[in-house]
Amino acid sequence: MTGKIVTFGEVIMRLSPPGNRTMKQSHEMEFFFGGTELNVASSLAAMGCEVKHISCVSNDFVGESAVSFIKGFGIDTTFISKNEHPLGLYFLEVGSSVRASRIAYNRLNGSFANIQAGHVDWEKVLEDCEYFHWTGISPGISETAYETLKQGLKTAQKKGIQITTDPAYRSNLWKYGRNGNEVLKELVSYSTIFMGGVNEINEILGTQFSSDKEGFIEACKELKQQIPSIHKIFDKIRIGVTASSQQTQGRALVDGNYFETELLEVNPVVDRIGTGDAFAAGLIYGLIHFDEQKALKFANAACAIKHTIPGDINYSGVDDIMEVMNGNSGGRIKR
């Protein structure tokens with residue numbers, strides 16, 4: 001067993017009309033528990049990793065149900081606290097073909113938005129930790145979520161832990177007065193492995209690199225110049241033909257060397273939510289067990305296979321992902 005992987009982030013409930021219905025035509029909803037960092041944690045647990053998730057949920061039967069769901073993966077929930085605010089949630093209409101999916105969030109006064117930094121004992125949380133994963137979603141939700149994460153990152157850096165970040169910038173967050181780009185640049189400076197591409201780098205650095213191969217390489221060099229703690233950069237590319245047909249590819253710059261994966265096609269798409277989180281989980285697993293190039297291929301396969309699974313989480317095990325990575329994507333029945 002490798003050292004623990006710690007994730008920090010909101011536990012959120014997703015509500016969706018069944019199938020591809022719109023809200024207007026439906027009188028019932030399906031619900032799933034998820035959250036960007038929890039999706040990563042759950043996927044890693046499904047791959048057999050030892051994972052601990054840090055969060056705050058509502059002190060009611062909804063929060064209890066969420067914690068029970070998380071425990072079902074074998075994830076350590078010891079440091080998930082509770083408060084009197086409701087669990088955050090979002091509504092999703094799943095699109096199809098030429099009709100795009102739509103999302104509406106209700107999270108900015110939820111339980112995680114009211115997490116208290118002093119309630120997390122980061123020294124104890126990060127004992128025997130090998131990787132600590134965070135995303136740009138968490139510090140965008142509230143001042144206290146930002147402060148809690150910052151304390152965790154400082155502690156992890158002091159301990160020499162590998163810190164992975166997917167610094168996703170969401171303009172619909174950041175309502176509490178801080179500049180999102182400035183905060184993300186600050187927090188990325190504690191990190192060692194960057195999961196993002198040209199768009200993310202441009203947002204953080206205020207640059208205007210192009211998204212082609214040459215632009216990606218130059219953007220990575222500039223990121224490493226301005227934030228020297230970053231030593232590996234991995235990017236997920238998704239090409240949307242329609243809402244029902246997607247292609248995925250990974251590329252990276254490690255030690256000055258550029259490499260990329262082949263394109264994987266997914267058609268039809270069952271669910272796009274959580275595919276980036278599946279990529280992140282696949283990459284962390286891959287970096288623990290493989291070299292960087294194989295890790296990237298594994299991450300791309302994990303991303304592709306998540307498109308076929310309803311809900312926010314990639315339930316696929318290592319063998320399933322390896323089959324896709326090795327080209328066995330014909331979908332034949334296993335008997």
# chains A, B, ... in the order shown; residues from 1 in each chain; ligands from 1

$ select_by_dssp --residues "stretch 82-237 of chain A" --states "helix (DSSP H, G or I)" --output "NGL selection string"
:A and (112-114 or 117-119 or 122-125 or 137-141 or 143-159 or 180-188 or 198-205 or 213-226)

$ select_by_dssp --residues "stretch 65-130 of chain A" --states "strand (DSSP E or B)" --output "list in words"
Asp76, Ile80, Ser81, Lys82, Asn83, Leu89, Tyr90, Phe91, Leu92, Glu93, Ser96, Arg99, Arg102, Ile103, Ala104, Tyr105, Asn106, Cys129 and Glu130 of chain A

$ closest_residue --among "A:Ala113, A:Ile201, A:Cys129, A:Val269" --to "A:Gly160" --atoms "only C-alpha atoms"
A:Cys129

$ closest_residue --among "A:Leu89, A:Val270, A:Ala66, A:Ala281" --to "A:Arg14" --atoms "only C-alpha atoms"
A:Leu89

$ residues_around --residues "stretch 77-84 of chain A" --least-positions-apart "6" --cutoff "10 Å" --atoms "only C-alpha atoms" --output "PyMOL selection string"
chain A and resi 8+11+51-60+63-64+67-68+70-71+110-112+114-116+119-122+124-125

$ write_last_selection --atoms "N, CA and C atoms" --output "PDB file, in the first residue's frame"
ATOM      1  N   PHE A   8      -9.276  17.593  -0.709  1.00  0.00           N
ATOM      2  CA  PHE A   8     -10.005  18.619   0.042  1.00  0.00           C
ATOM      3  C   PHE A   8     -11.008  19.284  -0.883  1.00  0.00           C
ATOM      4  N   VAL A  11     -18.544  18.490  -0.742  1.00  0.00           N
ATOM      5  CA  VAL A  11     -19.442  17.384  -1.075  1.00  0.00           C
ATOM      6  C   VAL A  11     -20.761  18.024  -1.496  1.00  0.00           C
ATOM      7  N   VAL A  51      -7.395   6.602   0.609  1.00  0.00           N
ATOM      8  CA  VAL A  51      -7.751   8.002   0.399  1.00  0.00           C
ATOM      9  C   VAL A  51      -8.456   8.554   1.632  1.00  0.00           C
ATOM     10  N   LYS A  52      -8.173   9.822   1.907  1.00  0.00           N
ATOM     11  CA  LYS A  52      -8.814  10.554   2.993  1.00  0.00           C
ATOM     12  C   LYS A  52      -9.393  11.838   2.406  1.00  0.00           C
ATOM     13  N   HIS A  53     -10.672  12.099   2.647  1.00  0.00           N
ATOM     14  CA  HIS A  53     -11.295  13.307   2.114  1.00  0.00           C
ATOM     15  C   HIS A  53     -11.624  14.274   3.242  1.00  0.00           C
ATOM     16  N   ILE A  54     -11.306  15.556   3.025  1.00  0.00           N
ATOM     17  CA  ILE A  54     -11.538  16.599   4.015  1.00  0.00           C
ATOM     18  C   ILE A  54     -12.635  17.521   3.489  1.00  0.00           C
ATOM     19  N   SER A  55     -13.673  17.711   4.300  1.00  0.00           N
ATOM     20  CA  SER A  55     -14.784  18.552   3.855  1.00  0.00           C
ATOM     21  C   SER A  55     -15.637  18.948   5.050  1.00  0.00           C
ATOM     22  N   CYS A  56     -16.787  19.542   4.767  1.00  0.00           N
ATOM     23  CA  CYS A  56     -17.776  19.888   5.784  1.00  0.00           C
ATOM     24  C   CYS A  56     -19.154  19.693   5.172  1.00  0.00           C
ATOM     25  N   VAL A  57     -20.034  18.959   5.862  1.00  0.00           N
ATOM     26  CA  VAL A  57     -21.364  18.672   5.347  1.00  0.00           C
ATOM     27  C   VAL A  57     -22.420  19.150   6.344  1.00  0.00           C
ATOM     28  N   SER A  58     -23.669  19.083   5.944  1.00  0.00           N
ATOM     29  CA  SER A  58     -24.771  19.534   6.790  1.00  0.00           C
ATOM     30  C   SER A  58     -25.009  18.565   7.940  1.00  0.00           C
ATOM     31  N   ASN A  59     -25.391  19.120   9.082  1.00  0.00           N
ATOM     32  CA  ASN A  59     -25.655  18.312  10.277  1.00  0.00           C
ATOM     33  C   ASN A  59     -27.114  17.856  10.274  1.00  0.00           C
ATOM     34  N   ASP A  60     -27.449  17.013   9.302  1.00  0.00           N
ATOM     35  CA  ASP A  60     -28.807  16.486   9.179  1.00  0.00           C
ATOM     36  C   ASP A  60     -28.743  15.156   8.434  1.00  0.00           C
ATOM     37  N   GLY A  63     -26.619  15.252   5.191  1.00  0.00           N
ATOM     38  CA  GLY A  63     -25.185  15.151   5.432  1.00  0.00           C
ATOM     39  C   GLY A  63     -24.770  13.758   5.855  1.00  0.00           C
ATOM     40  N   GLU A  64     -25.584  13.122   6.693  1.00  0.00           N
ATOM     41  CA  GLU A  64     -25.294  11.744   7.116  1.00  0.00           C
ATOM     42  C   GLU A  64     -25.303  10.803   5.920  1.00  0.00           C
ATOM     43  N   VAL A  67     -22.054  11.294   3.936  1.00  0.00           N
ATOM     44  CA  VAL A  67     -20.905  10.645   4.581  1.00  0.00           C
ATOM     45  C   VAL A  67     -20.980   9.129   4.426  1.00  0.00           C
ATOM     46  N   SER A  68     -22.182   8.584   4.556  1.00  0.00           N
ATOM     47  CA  SER A  68     -22.353   7.136   4.369  1.00  0.00           C
ATOM     48  C   SER A  68     -21.978   6.724   2.953  1.00  0.00           C
ATOM     49  N   ILE A  70     -19.825   8.238   0.987  1.00  0.00           N
ATOM     50  CA  ILE A  70     -18.368   8.336   0.861  1.00  0.00           C
ATOM     51  C   ILE A  70     -17.689   7.143   1.519  1.00  0.00           C
ATOM     52  N   LYS A  71     -18.165   6.752   2.691  1.00  0.00           N
ATOM     53  CA  LYS A  71     -17.594   5.601   3.388  1.00  0.00           C
ATOM     54  C   LYS A  71     -17.733   4.328   2.559  1.00  0.00           C
ATOM     55  N   GLY A 110     -23.764  27.164   1.501  1.00  0.00           N
ATOM     56  CA  GLY A 110     -23.878  25.785   1.972  1.00  0.00           C
ATOM     57  C   GLY A 110     -22.909  25.461   3.091  1.00  0.00           C
ATOM     58  N   SER A 111     -22.927  24.218   3.496  1.00  0.00           N
ATOM     59  CA  SER A 111     -22.101  23.767   4.625  1.00  0.00           C
ATOM     60  C   SER A 111     -20.616  23.946   4.342  1.00  0.00           C
ATOM     61  N   PHE A 112     -20.165  23.600   3.134  1.00  0.00           N
ATOM     62  CA  PHE A 112     -18.746  23.731   2.834  1.00  0.00           C
ATOM     63  C   PHE A 112     -18.325  25.198   2.767  1.00  0.00           C
ATOM     64  N   ASN A 114     -19.167  27.385   4.626  1.00  0.00           N
ATOM     65  CA  ASN A 114     -19.033  27.844   6.004  1.00  0.00           C
ATOM     66  C   ASN A 114     -18.076  26.979   6.823  1.00  0.00           C
ATOM     67  N   ILE A 115     -17.194  26.245   6.153  1.00  0.00           N
ATOM     68  CA  ILE A 115     -16.165  25.490   6.846  1.00  0.00           C
ATOM     69  C   ILE A 115     -15.260  26.455   7.611  1.00  0.00           C
ATOM     70  N   GLN A 116     -14.744  26.039   8.764  1.00  0.00           N
ATOM     71  CA  GLN A 116     -13.893  26.884   9.587  1.00  0.00           C
ATOM     72  C   GLN A 116     -12.467  26.350   9.582  1.00  0.00           C
ATOM     73  N   HIS A 119     -10.885  24.282  12.389  1.00  0.00           N
ATOM     74  CA  HIS A 119     -11.465  22.983  12.718  1.00  0.00           C
ATOM     75  C   HIS A 119     -10.746  21.814  12.035  1.00  0.00           C
ATOM     76  N   VAL A 120      -9.775  22.101  11.169  1.00  0.00           N
ATOM     77  CA  VAL A 120      -9.041  21.047  10.469  1.00  0.00           C
ATOM     78  C   VAL A 120      -7.623  20.972  11.045  1.00  0.00           C
ATOM     79  N   ASP A 121      -7.289  19.839  11.623  1.00  0.00           N
ATOM     80  CA  ASP A 121      -5.941  19.608  12.155  1.00  0.00           C
ATOM     81  C   ASP A 121      -5.075  19.064  11.024  1.00  0.00           C
ATOM     82  N   TRP A 122      -4.470  19.970  10.255  1.00  0.00           N
ATOM     83  CA  TRP A 122      -3.748  19.556   9.060  1.00  0.00           C
ATOM     84  C   TRP A 122      -2.533  18.700   9.377  1.00  0.00           C
ATOM     85  N   LYS A 124      -2.317  16.377  11.599  1.00  0.00           N
ATOM     86  CA  LYS A 124      -2.811  15.010  11.749  1.00  0.00           C
ATOM     87  C   LYS A 124      -3.384  14.480  10.429  1.00  0.00           C
ATOM     88  N   VAL A 125      -4.097  15.348   9.702  1.00  0.00           N
ATOM     89  CA  VAL A 125      -4.679  14.949   8.421  1.00  0.00           C
ATOM     90  C   VAL A 125      -3.610  14.429   7.461  1.00  0.00           C
TER      91      VAL A 125
END

$ residues_around --residues "A:Ala252" --least-positions-apart "3" --cutoff "9 Å" --atoms "only C-alpha atoms" --output "tab-separated table (two decimals) with C-alpha atoms, in the first residue's frame"
chain	number	residue	atom	x	y	z
A	197	GLY	CA	-3.57	23.62	-20.15
A	216	PHE	CA	1.21	24.89	-24.89
A	217	ILE	CA	4.97	24.35	-24.63
A	220	CYS	CA	4.32	25.63	-19.66
A	232	LYS	CA	5.31	18.54	-14.11
A	233	ILE	CA	2.43	19.83	-16.26
A	234	PHE	CA	-0.33	17.61	-17.67
A	235	ASP	CA	-3.21	18.73	-19.87
A	236	LYS	CA	-6.49	17.08	-20.85
A	257	ASN	CA	10.14	16.98	-22.81
A	258	TYR	CA	6.79	17.17	-24.62
A	259	PHE	CA	4.66	14.08	-25.16
A	260	GLU	CA	1.03	13.32	-25.94
A	292	GLU	CA	4.94	9.90	-16.72
A	293	GLN	CA	4.09	8.84	-20.27
A	296	LEU	CA	-0.78	10.21	-19.03

$ closest_residue --among "A:Val198, A:Ala104, A:Met325, A:Ile309" --to "A:Lys294" --atoms "only C-alpha atoms"
A:Met325

$ atom_distance --atom1 "atom CA of A:Cys303" --atom2 "atom CA of A:Ile193"
18.2 Å

$ atom_distance --atom1 "atom CA of A:Glu127" --atom2 "atom CA of A:Leu187"
21.0 Å

$ closest_residue --among "A:Gly35, A:Pro139, A:Gly74, A:Gly206" --to "A:Gly276" --atoms "only C-alpha atoms"
A:Gly35

$ residues_around --residues "A:Ile227" --least-positions-apart "6" --cutoff "10 Å" --atoms "only C-alpha atoms" --output "JSON, numbers by chain"
{"A": [185, 186, 188, 189, 190, 191, 192, 205, 221]}

$ residues_around --residues "A:Ala301" --least-positions-apart "3" --cutoff "9 Å" --atoms "only C-alpha atoms" --output "list in words"
Thr248, Gln249, Leu264, Phe279, Gly282, Leu296, Lys297, Phe298, Ala304, Ile305, Lys306, Ile321, Met322, Glu323, Val324, Met325 and Asn326 of chain A

$ write_last_selection --atoms "C-alpha atoms" --output "mmCIF file, in the first residue's frame"
data_model
loop_
_atom_site.group_PDB
_atom_site.id
_atom_site.type_symbol
_atom_site.label_atom_id
_atom_site.label_comp_id
_atom_site.auth_asym_id
_atom_site.auth_seq_id
_atom_site.Cartn_x
_atom_site.Cartn_y
_atom_site.Cartn_z
ATOM 1 C CA THR A 248 -10.166 12.962 -25.508
ATOM 2 C CA GLN A 249 -6.402 13.356 -25.565
ATOM 3 C CA LEU A 264 -9.794 8.305 -27.885
ATOM 4 C CA PHE A 279 -8.470 12.236 -15.636
ATOM 5 C CA GLY A 282 -6.055 8.418 -13.293
ATOM 6 C CA LEU A 296 -0.776 10.209 -19.025
ATOM 7 C CA LYS A 297 -2.134 7.384 -21.199
ATOM 8 C CA PHE A 298 -3.819 5.852 -18.159
ATOM 9 C CA ALA A 304 -12.689 8.454 -21.814
ATOM 10 C CA ILE A 305 -14.332 5.609 -19.897
ATOM 11 C CA LYS A 306 -16.008 8.037 -17.452
ATOM 12 C CA ILE A 321 -9.053 1.425 -17.531
ATOM 13 C CA MET A 322 -6.012 -0.564 -18.643
ATOM 14 C CA GLU A 323 -8.129 -2.336 -21.276
ATOM 15 C CA VAL A 324 -9.182 0.984 -22.797
ATOM 16 C CA MET A 325 -5.616 2.272 -22.562
ATOM 17 C CA ASN A 326 -4.372 -0.797 -24.418
#

$ atom_distance --atom1 "atom CA of A:Gln246" --atom2 "atom CA of A:Tyr285"
23.6 Å

$ residues_around --residues "stretch 136-138 of chain A" --least-positions-apart "2" --cutoff "7 Å" --atoms "only C-alpha atoms" --output "list of chain:residue names"
A:Gly9, A:Glu10, A:Gly140, A:Ile141, A:Ala145, A:Tyr146, A:Asp166, A:Pro167, A:Ala168, A:Tyr169, A:Arg170, A:Leu184

$ decode --residues "stretch 183-197 of chain A" --atoms "all heavy atoms" --output "compact mmCIF listing (two decimals), in the first residue's frame"
# COMPACT_ATOMS: atom_id res chain seq x y z
N VAL A 183 -5.64 34.73 -6.40
CA VAL A 183 -5.66 33.68 -5.38
C VAL A 183 -5.13 32.37 -5.96
O VAL A 183 -4.33 31.67 -5.33
CB VAL A 183 -7.08 33.49 -4.83
CG1 VAL A 183 -7.16 32.22 -3.98
CG2 VAL A 183 -7.49 34.69 -3.99
N LEU A 184 -5.57 32.03 -7.17
CA LEU A 184 -5.12 30.78 -7.77
C LEU A 184 -3.61 30.78 -8.00
O LEU A 184 -2.94 29.78 -7.77
CB LEU A 184 -5.88 30.52 -9.06
CG LEU A 184 -7.36 30.17 -8.91
CD1 LEU A 184 -8.02 30.01 -10.27
CD2 LEU A 184 -7.54 28.90 -8.07
N LYS A 185 -3.07 31.90 -8.45
CA LYS A 185 -1.62 31.98 -8.64
C LYS A 185 -0.90 31.79 -7.31
O LYS A 185 0.12 31.08 -7.22
CB LYS A 185 -1.23 33.30 -9.26
CG LYS A 185 0.26 33.39 -9.60
CD LYS A 185 0.61 34.67 -10.34
CE LYS A 185 2.10 34.70 -10.70
NZ LYS A 185 2.47 35.94 -11.43
N GLU A 186 -1.43 32.40 -6.26
CA GLU A 186 -0.84 32.24 -4.93
C GLU A 186 -0.85 30.77 -4.49
O GLU A 186 0.17 30.24 -4.04
CB GLU A 186 -1.60 33.09 -3.92
CG GLU A 186 -1.15 32.88 -2.48
CD GLU A 186 -2.17 33.35 -1.45
OE1 GLU A 186 -3.34 33.58 -1.82
OE2 GLU A 186 -1.78 33.48 -0.28
N LEU A 187 -1.98 30.12 -4.63
CA LEU A 187 -2.11 28.74 -4.14
C LEU A 187 -1.35 27.75 -5.03
O LEU A 187 -0.81 26.76 -4.53
CB LEU A 187 -3.59 28.36 -4.05
CG LEU A 187 -4.42 29.19 -3.07
CD1 LEU A 187 -5.86 28.68 -3.02
CD2 LEU A 187 -3.83 29.19 -1.67
N VAL A 188 -1.32 28.01 -6.33
CA VAL A 188 -0.53 27.14 -7.22
C VAL A 188 0.94 27.18 -6.84
O VAL A 188 1.66 26.19 -7.02
CB VAL A 188 -0.74 27.56 -8.70
CG1 VAL A 188 0.27 26.87 -9.62
CG2 VAL A 188 -2.16 27.20 -9.16
N SER A 189 1.40 28.28 -6.26
CA SER A 189 2.81 28.40 -5.89
C SER A 189 3.21 27.42 -4.80
O SER A 189 4.41 27.19 -4.57
CB SER A 189 3.12 29.83 -5.44
OG SER A 189 2.52 30.12 -4.19
N TYR A 190 2.25 26.82 -4.11
CA TYR A 190 2.54 25.77 -3.13
C TYR A 190 2.57 24.38 -3.77
O TYR A 190 2.97 23.41 -3.13
CB TYR A 190 1.48 25.76 -2.03
CG TYR A 190 1.46 26.99 -1.16
CD1 TYR A 190 0.51 27.99 -1.34
CD2 TYR A 190 2.40 27.16 -0.14
CE1 TYR A 190 0.48 29.12 -0.54
CE2 TYR A 190 2.39 28.29 0.67
CZ TYR A 190 1.42 29.27 0.46
OH TYR A 190 1.41 30.39 1.25
N SER A 191 2.14 24.28 -5.03
CA SER A 191 1.92 22.99 -5.67
C SER A 191 3.13 22.52 -6.46
O SER A 191 4.02 23.31 -6.78
CB SER A 191 0.68 23.07 -6.58
OG SER A 191 -0.44 23.56 -5.86
N THR A 192 3.14 21.23 -6.79
CA THR A 192 4.27 20.65 -7.53
C THR A 192 3.86 20.08 -8.88
O THR A 192 4.67 20.03 -9.80
CB THR A 192 4.95 19.54 -6.70
OG1 THR A 192 3.98 18.52 -6.39
CG2 THR A 192 5.52 20.08 -5.40
N ILE A 193 2.62 19.65 -9.03
CA ILE A 193 2.14 19.05 -10.27
C ILE A 193 0.89 19.79 -10.73
O ILE A 193 -0.08 19.91 -9.98
CB ILE A 193 1.84 17.55 -10.08
CG1 ILE A 193 3.13 16.80 -9.68
CG2 ILE A 193 1.26 16.95 -11.36
CD1 ILE A 193 2.90 15.38 -9.25
N PHE A 194 0.93 20.29 -11.96
CA PHE A 194 -0.12 21.15 -12.50
C PHE A 194 -0.94 20.36 -13.50
O PHE A 194 -0.40 19.81 -14.46
CB PHE A 194 0.54 22.35 -13.18
CG PHE A 194 -0.40 23.44 -13.61
CD1 PHE A 194 -0.71 24.50 -12.77
CD2 PHE A 194 -0.95 23.43 -14.89
CE1 PHE A 194 -1.54 25.53 -13.19
CE2 PHE A 194 -1.80 24.45 -15.31
CZ PHE A 194 -2.09 25.50 -14.46
N MET A 195 -2.26 20.30 -13.28
CA MET A 195 -3.17 19.63 -14.20
C MET A 195 -4.01 20.69 -14.90
O MET A 195 -5.03 21.14 -14.38
CB MET A 195 -4.07 18.65 -13.46
CG MET A 195 -3.33 17.56 -12.71
SD MET A 195 -4.48 16.48 -11.84
CE MET A 195 -3.35 15.42 -10.96
N GLY A 196 -3.56 21.11 -16.04
CA GLY A 196 -4.26 22.16 -16.77
C GLY A 196 -3.52 22.48 -18.04
O GLY A 196 -2.40 22.01 -18.26
N GLY A 197 -4.15 23.30 -18.86
CA GLY A 197 -3.57 23.62 -20.15
C GLY A 197 -3.39 25.11 -20.33
O GLY A 197 -3.28 25.87 -19.38
